[in-house]
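Shown here: target.cif, mmCIF, C-alpha atoms.
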data_start
loop_
_atom_site.label_atom_id
_atom_site.label_comp_id
_atom_site.auth_asym_id
_atom_site.auth_seq_id
_atom_site.Cartn_x
_atom_site.Cartn_y
_atom_site.Cartn_z
CA MET A 1 25.08 26.38 -8.89
CA SER A 2 25.01 23.61 -11.47
CA ASP A 3 22.87 20.50 -11.27
CA LYS A 4 24.86 18.50 -13.79
CA GLY A 5 24.96 14.79 -13.25
CA ILE A 6 22.68 14.66 -10.21
CA SER A 7 20.87 11.35 -10.17
CA ALA A 8 17.10 11.11 -10.35
CA ALA A 9 17.12 9.44 -6.92
CA VAL A 10 18.76 12.47 -5.30
CA ILE A 11 16.40 14.84 -7.06
CA LYS A 12 13.52 12.77 -5.76
CA ARG A 13 14.71 13.18 -2.18
CA LEU A 14 15.29 16.94 -2.40
CA PRO A 15 11.65 17.96 -1.83
CA ARG A 16 11.68 15.91 1.36
CA TYR A 17 14.82 17.69 2.60
CA TYR A 18 13.15 20.95 1.69
CA ARG A 19 10.05 20.06 3.72
CA TYR A 20 12.11 19.13 6.77
CA LEU A 21 14.23 22.25 6.56
CA ASP A 22 11.03 24.28 6.30
CA GLU A 23 9.80 22.71 9.53
CA LEU A 24 13.12 23.49 11.21
CA LEU A 25 12.97 27.09 10.04
CA GLU A 26 9.47 27.39 11.49
CA LYS A 27 10.94 26.28 14.82
CA ASP A 28 13.74 28.88 14.46
CA VAL A 29 16.44 26.20 14.26
CA VAL A 30 19.59 27.88 12.89
CA ARG A 31 21.81 24.89 12.25
CA ILE A 32 21.61 21.13 12.25
CA SER A 33 24.11 18.29 12.00
CA SER A 34 23.71 15.55 9.42
CA LYS A 35 23.25 13.17 12.37
CA GLU A 36 20.30 15.11 13.79
CA LEU A 37 18.79 15.56 10.35
CA SER A 38 19.19 11.85 9.67
CA GLN A 39 17.42 10.91 12.90
CA LYS A 40 14.51 13.16 12.03
CA MET A 41 14.28 11.96 8.45
CA ASN A 42 14.97 8.31 9.14
CA VAL A 43 17.77 8.01 6.58
CA THR A 44 21.47 7.49 7.31
CA ALA A 45 23.70 10.46 8.05
CA SER A 46 26.06 9.33 5.29
CA GLN A 47 23.18 9.30 2.79
CA ILE A 48 22.37 12.89 3.73
CA ARG A 49 26.01 13.96 3.45
CA GLN A 50 26.31 12.24 0.09
CA ASP A 51 23.10 13.79 -1.22
CA LEU A 52 23.93 17.31 -0.09
CA ASN A 53 27.56 17.10 -1.22
CA HIS A 54 26.24 17.19 -4.77
CA PHE A 55 25.43 20.81 -4.20
CA GLY A 56 28.79 21.92 -2.88
CA GLY A 57 29.97 22.73 0.61
CA PHE A 58 26.80 23.56 2.47
CA GLY A 59 27.93 21.61 5.50
CA GLN A 60 30.99 22.28 7.59
CA GLN A 61 32.81 19.71 9.70
CA GLY A 62 31.85 20.24 13.35
CA TYR A 63 29.22 22.86 12.52
CA GLY A 64 26.66 21.01 10.46
CA TYR A 65 24.33 22.72 8.06
CA ASN A 66 23.02 26.24 8.20
CA VAL A 67 19.30 25.59 7.89
CA GLU A 68 18.30 28.82 6.17
CA PHE A 69 21.14 28.65 3.65
CA LEU A 70 20.53 24.99 2.81
CA TYR A 71 16.79 25.63 2.49
CA ALA A 72 17.42 28.50 0.08
CA GLU A 73 19.94 26.53 -2.00
CA ILE A 74 17.71 23.48 -2.35
CA GLY A 75 14.86 25.85 -3.22
CA LYS A 76 16.95 27.31 -6.04
CA ILE A 77 17.78 23.84 -7.38
CA LEU A 78 14.09 22.98 -7.40
CA GLY A 79 13.23 26.27 -9.10
CA LEU A 80 11.23 27.50 -6.10
CA ASP A 81 13.09 30.81 -5.87
CA GLN A 82 10.93 32.30 -8.58
CA LYS A 83 7.17 32.75 -8.74
CA THR A 84 5.65 30.10 -10.96
CA GLY A 85 2.15 30.49 -12.36
CA ILE A 86 -0.20 27.51 -12.48
CA ILE A 87 -3.57 27.05 -14.05
CA ILE A 88 -6.00 24.43 -12.84
CA ILE A 89 -8.14 22.67 -15.41
CA GLY A 90 -11.19 21.22 -13.70
CA ALA A 91 -12.96 23.07 -10.87
CA GLY A 92 -14.28 19.99 -9.09
CA ASN A 93 -13.37 19.06 -5.52
CA LEU A 94 -9.81 18.17 -6.38
CA GLY A 95 -9.27 21.35 -8.39
CA GLN A 96 -10.74 23.33 -5.52
CA ALA A 97 -8.49 21.53 -3.05
CA LEU A 98 -5.43 22.46 -5.11
CA ALA A 99 -6.59 26.07 -5.47
CA ASN A 100 -7.06 26.35 -1.71
CA TYR A 101 -3.81 24.67 -0.79
CA THR A 102 -1.97 27.51 0.90
CA ASP A 103 1.31 25.61 1.13
CA PHE A 104 1.86 25.99 -2.61
CA GLY A 105 2.12 29.76 -2.33
CA ARG A 106 4.89 29.36 0.23
CA SER A 107 6.89 27.36 -2.32
CA GLY A 108 6.53 30.02 -5.04
CA PHE A 109 3.55 28.56 -6.91
CA PHE A 110 0.56 30.74 -7.64
CA VAL A 111 -2.75 29.77 -9.15
CA ARG A 112 -3.35 32.22 -12.01
CA GLY A 113 -6.56 30.76 -13.35
CA ILE A 114 -9.12 27.97 -12.96
CA PHE A 115 -11.03 26.59 -15.93
CA ASP A 116 -13.98 24.28 -16.42
CA ILE A 117 -16.54 23.33 -19.05
CA ASP A 118 -19.43 23.04 -16.59
CA PRO A 119 -21.72 26.14 -16.80
CA GLN A 120 -22.64 25.59 -13.15
CA LYS A 121 -19.02 26.03 -12.10
CA ILE A 122 -18.07 28.85 -14.46
CA GLY A 123 -18.24 32.22 -12.69
CA ARG A 124 -17.94 30.75 -9.20
CA LYS A 125 -15.07 31.99 -7.08
CA ILE A 126 -12.54 29.57 -5.61
CA SER A 127 -9.92 30.97 -3.30
CA GLY A 128 -10.69 34.42 -4.76
CA ILE A 129 -10.28 33.25 -8.36
CA CYS A 130 -13.19 33.23 -10.79
CA VAL A 131 -13.69 29.96 -12.68
CA ARG A 132 -13.44 30.67 -16.42
CA PRO A 133 -14.85 28.74 -19.38
CA MET A 134 -12.42 26.45 -21.19
CA GLU A 135 -12.96 28.28 -24.50
CA ASP A 136 -11.18 31.33 -23.00
CA ILE A 137 -7.97 29.40 -22.34
CA GLY A 138 -6.12 30.47 -25.50
CA GLU A 139 -6.74 34.19 -24.96
CA PHE A 140 -5.94 33.85 -21.25
CA LEU A 141 -2.57 32.21 -21.84
CA LYS A 142 -1.59 34.92 -24.34
CA GLY A 143 -1.90 37.46 -21.55
CA HIS A 144 -0.55 35.49 -18.59
CA GLU A 145 2.83 33.93 -17.85
CA VAL A 146 1.86 30.35 -17.01
CA LYS A 147 3.95 27.24 -17.66
CA ILE A 148 2.28 24.61 -15.46
CA ALA A 149 -1.22 23.16 -15.84
CA ALA A 150 -2.80 20.93 -13.21
CA LEU A 151 -5.29 18.56 -14.83
CA THR A 152 -8.10 17.49 -12.53
CA ILE A 153 -10.45 16.29 -15.25
CA PRO A 154 -11.88 12.91 -16.31
CA ARG A 155 -9.48 10.66 -18.16
CA GLU A 156 -11.50 10.66 -21.39
CA ASN A 157 -10.83 14.40 -21.85
CA ALA A 158 -7.24 14.49 -20.65
CA ALA A 159 -5.37 13.77 -23.92
CA ARG A 160 -7.40 16.33 -25.92
CA VAL A 161 -7.08 19.05 -23.27
CA ALA A 162 -3.35 18.42 -22.84
CA ALA A 163 -2.78 18.77 -26.60
CA LEU A 164 -4.72 22.04 -26.62
CA LEU A 165 -2.69 23.39 -23.69
CA VAL A 166 0.62 22.43 -25.32
CA SER A 167 -0.44 24.38 -28.40
CA CYS A 168 -1.09 27.37 -26.09
CA GLY A 169 2.40 27.24 -24.59
CA ILE A 170 2.00 25.09 -21.45
CA ARG A 171 5.28 23.27 -20.78
CA ALA A 172 4.53 21.20 -17.66
CA PHE A 173 1.62 19.01 -16.62
CA TRP A 174 0.64 18.02 -13.11
CA ASN A 175 -1.69 15.25 -14.11
CA PHE A 176 -4.36 13.92 -11.76
CA ALA A 177 -6.43 12.32 -14.52
CA PRO A 178 -6.12 8.53 -14.20
CA THR A 179 -4.48 8.05 -17.58
CA ASP A 180 -1.00 8.27 -19.11
CA LEU A 181 -0.48 11.37 -21.23
CA HIS A 182 1.64 11.07 -24.34
CA LEU A 183 3.34 14.41 -24.71
CA PRO A 184 6.04 15.93 -26.94
CA PRO A 185 9.57 15.26 -25.60
CA ASP A 186 10.15 18.85 -24.44
CA ILE A 187 7.04 18.84 -22.24
CA VAL A 188 7.43 17.62 -18.66
CA LEU A 189 4.97 15.60 -16.66
CA GLU A 190 4.35 14.58 -13.07
CA ASN A 191 1.51 12.17 -12.43
CA VAL A 192 -0.54 11.86 -9.27
CA HIS A 193 -2.51 8.68 -9.81
CA LEU A 194 -4.65 8.43 -6.71
CA SER A 195 -6.30 5.11 -7.60
CA GLU A 196 -2.92 3.48 -8.09
CA SER A 197 -1.68 4.84 -4.81
CA LEU A 198 -4.72 3.38 -3.03
CA MET A 199 -4.14 0.01 -4.75
CA ARG A 200 -0.55 -0.06 -3.54
CA LEU A 201 -1.82 0.61 -0.03
CA SER A 202 -4.33 -2.19 -0.46
CA TYR A 203 -1.56 -4.56 -1.47
CA LYS A 204 0.57 -3.58 1.52
CA LEU A 205 -2.40 -4.05 3.84
CA LYS A 206 -3.20 -7.45 2.41
CA SER A 207 0.44 -8.55 2.78
CA ALA A 208 0.62 -7.24 6.36
CA LEU A 209 -2.59 -9.00 7.37
CA GLU A 210 -1.46 -12.28 5.80
CA ASN A 211 1.87 -11.90 7.50
CA SER A 212 0.30 -11.41 10.92
CA VAL A 213 -1.94 -14.45 10.41
CA ARG A 214 1.06 -16.55 9.40
CA THR A 215 3.13 -15.26 12.29
CA ASP A 216 0.30 -16.05 14.69
CA GLY A 217 -0.22 -19.47 13.18
CA GLY A 218 3.27 -20.82 12.78
CA ASP A 219 6.70 -20.21 11.37
CA GLU A 220 5.79 -19.49 7.75
CA LYS A 221 6.82 -16.08 6.53
CA ILE A 222 6.23 -14.12 3.37
CA GLU A 223 9.23 -12.97 1.45
CA ALA A 224 7.59 -10.25 -0.61
CA MET B 225 -1.99 -17.69 -5.90
CA SER B 226 1.07 -16.84 -3.86
CA ASP B 227 2.91 -13.53 -3.97
CA LYS B 228 6.11 -14.81 -2.41
CA GLY B 229 9.27 -13.14 -3.55
CA ILE B 230 7.69 -10.56 -5.85
CA SER B 231 9.86 -7.47 -5.97
CA ALA B 232 8.62 -4.09 -4.87
CA ALA B 233 9.21 -2.79 -8.41
CA VAL B 234 6.79 -5.32 -9.88
CA ILE B 235 4.19 -4.60 -7.21
CA LYS B 236 4.53 -0.92 -8.04
CA ARG B 237 3.71 -1.59 -11.69
CA LEU B 238 0.69 -3.81 -11.02
CA PRO B 239 -1.81 -0.97 -10.47
CA ARG B 240 -0.81 0.43 -13.85
CA TYR B 241 -1.43 -2.92 -15.54
CA TYR B 242 -4.73 -3.06 -13.71
CA ARG B 243 -5.71 0.38 -15.00
CA TYR B 244 -4.85 -0.51 -18.60
CA LEU B 245 -6.67 -3.82 -18.42
CA ASP B 246 -9.69 -1.95 -17.03
CA GLU B 247 -9.64 0.38 -20.04
CA LEU B 248 -9.41 -2.64 -22.38
CA LEU B 249 -12.35 -4.30 -20.64
CA GLU B 250 -14.39 -1.13 -21.09
CA LYS B 251 -13.68 -1.38 -24.81
CA ASP B 252 -14.74 -5.06 -24.79
CA VAL B 253 -11.25 -6.28 -25.71
CA VAL B 254 -11.12 -10.02 -24.98
CA ARG B 255 -7.43 -10.75 -25.40
CA ILE B 256 -4.20 -8.87 -25.95
CA SER B 257 -0.64 -9.83 -26.81
CA SER B 258 2.28 -8.66 -24.68
CA LYS B 259 3.42 -6.71 -27.75
CA GLU B 260 0.16 -4.77 -28.04
CA LEU B 261 0.05 -4.19 -24.30
CA SER B 262 3.65 -2.99 -24.36
CA GLN B 263 2.93 -0.48 -27.12
CA LYS B 264 0.01 0.92 -25.17
CA MET B 265 1.90 1.08 -21.88
CA ASN B 266 5.21 2.23 -23.33
CA VAL B 267 7.25 -0.52 -21.66
CA THR B 268 9.00 -3.41 -23.40
CA ALA B 269 7.09 -6.59 -24.19
CA SER B 270 9.75 -8.60 -22.38
CA GLN B 271 9.27 -6.47 -19.25
CA ILE B 272 5.55 -7.22 -19.35
CA ARG B 273 6.12 -10.95 -19.85
CA GLN B 274 8.63 -10.98 -17.01
CA ASP B 275 6.32 -9.09 -14.67
CA LEU B 276 3.28 -11.20 -15.41
CA ASN B 277 5.21 -14.47 -15.31
CA HIS B 278 5.52 -13.94 -11.56
CA PHE B 279 1.85 -14.76 -11.31
CA GLY B 280 1.90 -18.00 -13.25
CA GLY B 281 0.76 -18.85 -16.73
CA PHE B 282 -1.73 -16.12 -17.57
CA GLY B 283 -0.35 -15.75 -21.07
CA GLN B 284 -0.25 -18.40 -23.76
CA GLN B 285 2.18 -18.50 -26.66
CA GLY B 286 0.38 -17.30 -29.78
CA TYR B 287 -2.75 -16.29 -27.89
CA GLY B 288 -1.61 -13.56 -25.56
CA TYR B 289 -3.43 -12.65 -22.38
CA ASN B 290 -7.08 -13.06 -21.62
CA VAL B 291 -7.94 -9.54 -20.47
CA GLU B 292 -10.73 -10.40 -18.07
CA PHE B 293 -8.80 -13.23 -16.43
CA LEU B 294 -5.60 -11.19 -16.04
CA TYR B 295 -7.60 -8.24 -14.68
CA ALA B 296 -9.25 -10.46 -12.09
CA GLU B 297 -5.97 -12.14 -11.07
CA ILE B 298 -4.09 -8.85 -10.63
CA GLY B 299 -7.10 -7.56 -8.71
CA LYS B 300 -6.82 -10.50 -6.32
CA ILE B 301 -3.10 -9.91 -5.81
CA LEU B 302 -3.83 -6.27 -4.98
CA GLY B 303 -6.62 -7.27 -2.59
CA LEU B 304 -9.28 -5.59 -4.76
CA ASP B 305 -11.50 -8.67 -4.93
CA GLN B 306 -12.98 -7.86 -1.54
CA LYS B 307 -14.83 -4.80 -0.34
CA THR B 308 -12.55 -2.62 1.74
CA GLY B 309 -13.92 0.05 4.04
CA ILE B 310 -12.21 3.43 4.28
CA ILE B 311 -12.74 6.33 6.59
CA ILE B 312 -11.73 9.85 5.64
CA ILE B 313 -10.37 12.11 8.35
CA GLY B 314 -10.78 15.70 7.28
CA ALA B 315 -13.82 16.90 5.34
CA GLY B 316 -12.10 19.74 3.49
CA ASN B 317 -11.84 19.93 -0.29
CA LEU B 318 -9.41 17.06 -0.52
CA GLY B 319 -11.47 14.82 1.76
CA GLN B 320 -14.55 15.69 -0.28
CA ALA B 321 -12.70 14.93 -3.50
CA LEU B 322 -11.76 11.48 -2.18
CA ALA B 323 -15.30 10.83 -0.95
CA ASN B 324 -16.71 11.73 -4.36
CA TYR B 325 -14.16 9.78 -6.35
CA THR B 326 -16.37 7.17 -7.98
CA ASP B 327 -13.46 5.18 -9.37
CA PHE B 328 -12.61 3.91 -5.89
CA GLY B 329 -15.89 2.02 -5.62
CA ARG B 330 -15.08 0.19 -8.84
CA SER B 331 -11.88 -1.09 -7.23
CA GLY B 332 -13.64 -2.39 -4.13
CA PHE B 333 -13.07 0.58 -1.82
CA PHE B 334 -16.01 2.11 0.01
CA VAL B 335 -16.09 5.20 2.16
CA ARG B 336 -17.74 4.17 5.43
CA GLY B 337 -17.39 7.44 7.30
CA ILE B 338 -16.06 10.99 7.13
CA PHE B 339 -14.85 12.80 10.24
CA ASP B 340 -13.87 16.34 11.08
CA ILE B 341 -13.38 18.59 14.10
CA ASP B 342 -14.92 21.67 12.48
CA PRO B 343 -18.51 22.24 13.76
CA GLN B 344 -19.34 23.90 10.43
CA LYS B 345 -18.54 20.70 8.57
CA ILE B 346 -20.03 18.21 11.01
CA GLY B 347 -23.51 17.15 9.94
CA ARG B 348 -23.03 18.09 6.29
CA LYS B 349 -23.49 15.36 3.73
CA ILE B 350 -20.75 14.46 1.29
CA SER B 351 -21.52 11.91 -1.37
CA GLY B 352 -24.48 10.82 0.77
CA ILE B 353 -22.36 10.38 3.93
CA CYS B 354 -22.89 12.55 6.98
CA VAL B 355 -19.71 14.15 8.38
CA ARG B 356 -19.27 13.00 12.00
CA PRO B 357 -17.38 14.62 14.85
CA MET B 358 -13.91 13.22 15.59
CA GLU B 359 -14.89 12.31 19.14
CA ASP B 360 -17.23 9.63 17.76
CA ILE B 361 -14.41 7.79 16.00
CA GLY B 362 -13.80 5.17 18.71
CA GLU B 363 -17.45 4.13 18.93
CA PHE B 364 -17.81 4.19 15.17
CA LEU B 365 -14.86 1.87 14.57
CA LYS B 366 -16.18 -0.61 17.12
CA GLY B 367 -19.27 -1.03 14.97
CA HIS B 368 -17.77 -0.84 11.48
CA GLU B 369 -15.25 -2.97 9.65
CA VAL B 370 -12.70 -0.40 8.53
CA LYS B 371 -8.96 -0.93 8.12
CA ILE B 372 -7.89 2.07 6.02
CA ALA B 373 -7.92 5.73 7.05
CA ALA B 374 -7.27 8.55 4.60
CA LEU B 375 -5.77 11.54 6.40
CA THR B 376 -6.55 14.87 4.75
CA ILE B 377 -5.72 17.02 7.76
CA PRO B 378 -3.06 19.63 8.60
CA ARG B 379 0.35 18.22 9.39
CA GLU B 380 0.37 19.47 12.97
CA ASN B 381 -2.52 17.12 13.86
CA ALA B 382 -1.46 14.13 11.80
CA ALA B 383 0.75 12.27 14.30
CA ARG B 384 -1.78 12.56 17.15
CA VAL B 385 -4.73 11.53 14.98
CA ALA B 386 -2.78 8.59 13.50
CA ALA B 387 -1.89 7.31 16.98
CA LEU B 388 -5.55 7.54 18.03
CA LEU B 389 -6.66 5.64 14.94
CA VAL B 390 -4.07 2.90 15.48
CA SER B 391 -5.43 2.44 19.00
CA CYS B 392 -8.90 2.05 17.45
CA GLY B 393 -7.76 -0.72 15.09
CA ILE B 394 -6.86 1.13 11.87
CA ARG B 395 -4.14 -0.83 10.08
CA ALA B 396 -3.42 1.26 6.97
CA PHE B 397 -2.94 4.98 6.38
CA TRP B 398 -3.37 6.85 3.14
CA ASN B 399 -1.60 9.97 4.25
CA PHE B 400 -2.12 13.30 2.48
CA ALA B 401 -0.82 15.39 5.39
CA PRO B 402 2.54 16.90 4.40
CA THR B 403 4.50 15.10 7.12
CA ASP B 404 6.10 11.70 7.69
CA LEU B 405 4.14 9.50 10.07
CA HIS B 406 6.07 7.26 12.45
CA LEU B 407 3.90 4.20 12.89
CA PRO B 408 4.24 0.79 14.55
CA PRO B 409 5.88 -1.80 12.26
CA ASP B 410 2.66 -3.73 11.58
CA ILE B 411 0.85 -0.63 10.30
CA VAL B 412 1.14 0.15 6.59
CA LEU B 413 1.40 3.56 4.99
CA GLU B 414 1.13 5.14 1.58
CA ASN B 415 1.95 8.82 1.32
CA VAL B 416 0.58 11.28 -1.21
CA HIS B 417 2.73 14.35 -0.70
CA LEU B 418 1.29 16.85 -3.14
CA SER B 419 3.78 19.64 -2.42
CA GLU B 420 6.70 17.32 -3.08
CA SER B 421 5.13 16.15 -6.30
CA LEU B 422 4.76 19.76 -7.45
CA MET B 423 8.38 20.48 -6.51
CA ARG B 424 9.55 17.55 -8.61
CA LEU B 425 7.55 18.94 -11.51
CA SER B 426 9.11 22.34 -10.91
CA TYR B 427 12.58 20.80 -11.04
CA LYS B 428 11.79 18.97 -14.28
CA LEU B 429 10.41 22.17 -15.81
CA LYS B 430 13.47 24.17 -14.78
CA SER B 431 15.78 21.51 -16.26
CA ALA B 432 13.77 21.34 -19.49
CA LEU B 433 13.78 25.11 -19.91
CA GLU B 434 17.53 25.32 -19.24
CA ASN B 435 18.07 22.48 -21.65
CA SER B 436 16.12 24.21 -24.42
CA VAL B 437 18.04 27.45 -23.85
CA ARG B 438 21.33 25.54 -24.00
CA THR B 439 20.24 23.59 -27.06
CA ASP B 440 19.22 26.82 -28.77
CA GLY B 441 22.39 28.57 -27.72
CA GLY B 442 25.08 26.01 -28.40
CA ASP B 443 26.26 22.49 -27.87
CA GLU B 444 26.27 22.36 -24.07
CA LYS B 445 23.96 19.76 -22.60
CA ILE B 446 22.85 18.87 -19.12
CA GLU B 447 23.50 15.37 -17.94
CA ALA B 448 20.94 15.20 -15.16
#
Once you've parsed the file, please lay out its structure as structure tokens.
Amino acid sequence: MSDKGISAAVIKRLPRYYRYLDELLEKDVVRISSKELSQKMNVTASQIRQDLNHFGGFGQQGYGYNVEFLYAEIGKILGLDQKTGIIIIGAGNLGQALANYTDFGRSGFFVRGIFDIDPQKIGRKISGICVRPMEDIGEFLKGHEVKIAALTIPRENAARVAALLVSCGIRAFWNFAPTDLHLPPDIVLENVHLSESLMRLSYKLKSALENSVRTDGGDEKIEA
Amino acid sequence: MSDKGISAAVIKRLPRYYRYLDELLEKDVVRISSKELSQKMNVTASQIRQDLNHFGGFGQQGYGYNVEFLYAEIGKILGLDQKTGIIIIGAGNLGQALANYTDFGRSGFFVRGIFDIDPQKIGRKISGICVRPMEDIGEFLKGHEVKIAALTIPRENAARVAALLVSCGIRAFWNFAPTDLHLPPDIVLENVHLSESLMRLSYKLKSALENSVRTDGGDEKIEA
């Protein structure tokens, strides 16, 4: 299976397909047509066919898709077919939430360690894992196969901590700190900027409320 | 200030501008040129000028942008100039993390209530707010001005809870449940699907590792 030339847009949709297929598997659904899948996912059937055609002939005319097979294939493309170790930097509420998130284990991700600088948090157990002091990180990563670090730390520490982790062999950052990390080109990054997400929601809400006022009051409409 | 005809792509970038301007304000920066801002944000200066031109003449040739003014104007566009009440449904780690996230208050968002169905969580205080039972939600929303609900609950309850909240007047959902909500057209939604975000990171990591192997091993390159 090669993923040459797959557009970023398709890649972005794959996790959503994966989630839906997971739900279907849970309901013991064996096969599904692109039409049924499209109704569930609220995208067009032709979009689904186009997207999944990138990965070869998973679907068959008149049969549809074999759910388990498609789920496994998309999982392979996303790299979920192997166990991937994660460390969490920052044992606050968000770090704890990630550590306790059982869904991650189902997708092949396992929390190998949790680190903090706060003496009050060090030594506490989260989801069965003891919080370690940050100064142990170098030794720890020598002895453990970990490529992904989740950063749930304040933004003022994020750049320094990320640089340290890169020097210890971390190749991927799941960044929750509200700042943009500037990383070497071979290091990958996925940001979860919660404040920005909430601001986008705020904008949508404001637009919707203005729209409803305008619709109530006359024929003016917003174009945004 | 009108936001007619602003593209979704520009709207998506506004929270990032807002975050950078906030950092500049903290450092007491009074004005900044589009060139300086572009270097910081790693986008082109012409992109920045184009984006900000949508909102009228904030910038002046040879002067640049007044940081405080631009910050305030973008804040207004995003609806951050007014206090917005939020309720959090689900007092687990993620709900607690959101309740404790001090940055939200700085952007005008205030947690008005936290709700759960778990008797062990009800009555506990999080960030000074007492966790209430879900059955009180209707009464509570009659007496409090709240338009946004953050859902940090399991996916199997999300659709039912969202429908209940819509009937109680909630107009915007910040959805952390790993499922797609189907809402009436006048209700707005912003999803934070953590599992999907981690899968995207996993895909990027897999591609980067394959790329480095290929680069080490020969001249083959991936196009994705």
Residues of chain A within 8 Å of chain B, using only C-alpha atoms, as a ChimeraX atom specification?
/A:3-8,11-12,15-16,77-80,92-94,96-97,103-104,171-174,186-190,192,195-206,208,222-224
List every residue of region 74-103 of chain A that has an atom at most 12 Å from any atom of region 165-168 of chain A, and for each one report the closest atom pair and its distance in Å to one decimal, counting all atoms listed in the file, with rows sorted by chain and then by increasing residue number, as CSV.
residue,atom,partner,partner_atom,distance
A:Ile87,CA,A:Leu165,CA,10.3
A:Ile88,CA,A:Leu165,CA,11.4
A:Ile89,CA,A:Leu165,CA,9.9
Would you mind reading off the distance between CA of Thr376 (chain B) and CA of Phe400 (chain B), one decimal, in Å?
5.2 Å
What's the 12 Å shell around Leu249 (chain B), counting only C-alpha atoms, without same-chain residues fewer than 5 positions away, as a ChimeraX atom specification?
/B:242-244,254-256,290-296
Could you tell me how far CA of Phe339 (chain B) lies from CA of Val355 (chain B), in Å and to one decimal?
5.4 Å
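Candidate residues B:Gly352, B:Gly288, B:Gly367, B:Gly314 were compared for distance to Ala401 (chain B), and the nearest is B:Gly314, using only C-alpha atoms.
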Evaluated on this file, the PyMOL selection byres ((chain A and resi 133) around 6) picks out some residues - which ones are they, written as a list in words?
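Applying the PyMOL selection byres ((chain A and resi 133) around 6) to the structure shown produces Phe115, Asp116, Ile117, Ile122, Arg132, Met134, Glu135 and Asp136 of chain A.
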Could you jot down the CA of Glu369 (chain B) to CA of Leu405 (chain B) separation for me, Å, one decimal place?
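Taking CA of Glu369 (chain B) and CA of Leu405 (chain B), their separation equals 23.1 Å.
Proximity to Leu151 (chain A) was assessed for A:Ser46, A:Ser33, A:Asn175, A:Gln39 counting only C-alpha atoms; the smallest distance is recorded for A:Asn175.
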Any chance you could build region 11-22 of chain A out to N, CA and C atoms and write it as a PDB file, in the coordinates of the input?
ATOM      1  N   ILE A  11      17.402  13.830  -6.743  1.00  0.00           N
ATOM      2  CA  ILE A  11      16.400  14.840  -7.060  1.00  0.00           C
ATOM      3  C   ILE A  11      15.068  14.486  -6.371  1.00  0.00           C
ATOM      4  N   LYS A  12      14.766  13.212  -6.368  1.00  0.00           N
ATOM      5  CA  LYS A  12      13.520  12.770  -5.760  1.00  0.00           C
ATOM      6  C   LYS A  12      13.491  13.027  -4.258  1.00  0.00           C
ATOM      7  N   ARG A  13      14.666  12.959  -3.631  1.00  0.00           N
ATOM      8  CA  ARG A  13      14.710  13.180  -2.180  1.00  0.00           C
ATOM      9  C   ARG A  13      14.734  14.655  -1.805  1.00  0.00           C
ATOM     10  N   LEU A  14      15.130  15.522  -2.746  1.00  0.00           N
ATOM     11  CA  LEU A  14      15.290  16.940  -2.400  1.00  0.00           C
ATOM     12  C   LEU A  14      14.015  17.587  -1.818  1.00  0.00           C
ATOM     13  N   PRO A  15      12.838  17.333  -2.403  1.00  0.00           N
ATOM     14  CA  PRO A  15      11.650  17.960  -1.830  1.00  0.00           C
ATOM     15  C   PRO A  15      11.412  17.571  -0.359  1.00  0.00           C
ATOM     16  N   ARG A  16      11.844  16.350  -0.033  1.00  0.00           N
ATOM     17  CA  ARG A  16      11.680  15.910   1.360  1.00  0.00           C
ATOM     18  C   ARG A  16      12.636  16.686   2.264  1.00  0.00           C
ATOM     19  N   TYR A  17      13.893  16.844   1.840  1.00  0.00           N
ATOM     20  CA  TYR A  17      14.820  17.690   2.600  1.00  0.00           C
ATOM     21  C   TYR A  17      14.223  19.081   2.770  1.00  0.00           C
ATOM     22  N   TYR A  18      13.696  19.596   1.685  1.00  0.00           N
ATOM     23  CA  TYR A  18      13.150  20.950   1.690  1.00  0.00           C
ATOM     24  C   TYR A  18      12.021  21.083   2.727  1.00  0.00           C
ATOM     25  N   ARG A  19      11.162  20.062   2.760  1.00  0.00           N
ATOM     26  CA  ARG A  19      10.050  20.060   3.720  1.00  0.00           C
ATOM     27  C   ARG A  19      10.569  20.039   5.160  1.00  0.00           C
ATOM     28  N   TYR A  20      11.578  19.192   5.416  1.00  0.00           N
ATOM     29  CA  TYR A  20      12.110  19.130   6.770  1.00  0.00           C
ATOM     30  C   TYR A  20      12.792  20.434   7.172  1.00  0.00           C
ATOM     31  N   LEU A  21      13.554  20.995   6.263  1.00  0.00           N
ATOM     32  CA  LEU A  21      14.230  22.250   6.560  1.00  0.00           C
ATOM     33  C   LEU A  21      13.213  23.351   6.817  1.00  0.00           C
ATOM     34  N   ASP A  22      12.117  23.322   6.089  1.00  0.00           N
ATOM     35  CA  ASP A  22      11.030  24.280   6.300  1.00  0.00           C
ATOM     36  C   ASP A  22      10.483  24.166   7.716  1.00  0.00           C
TER      37      ASP A  22
END
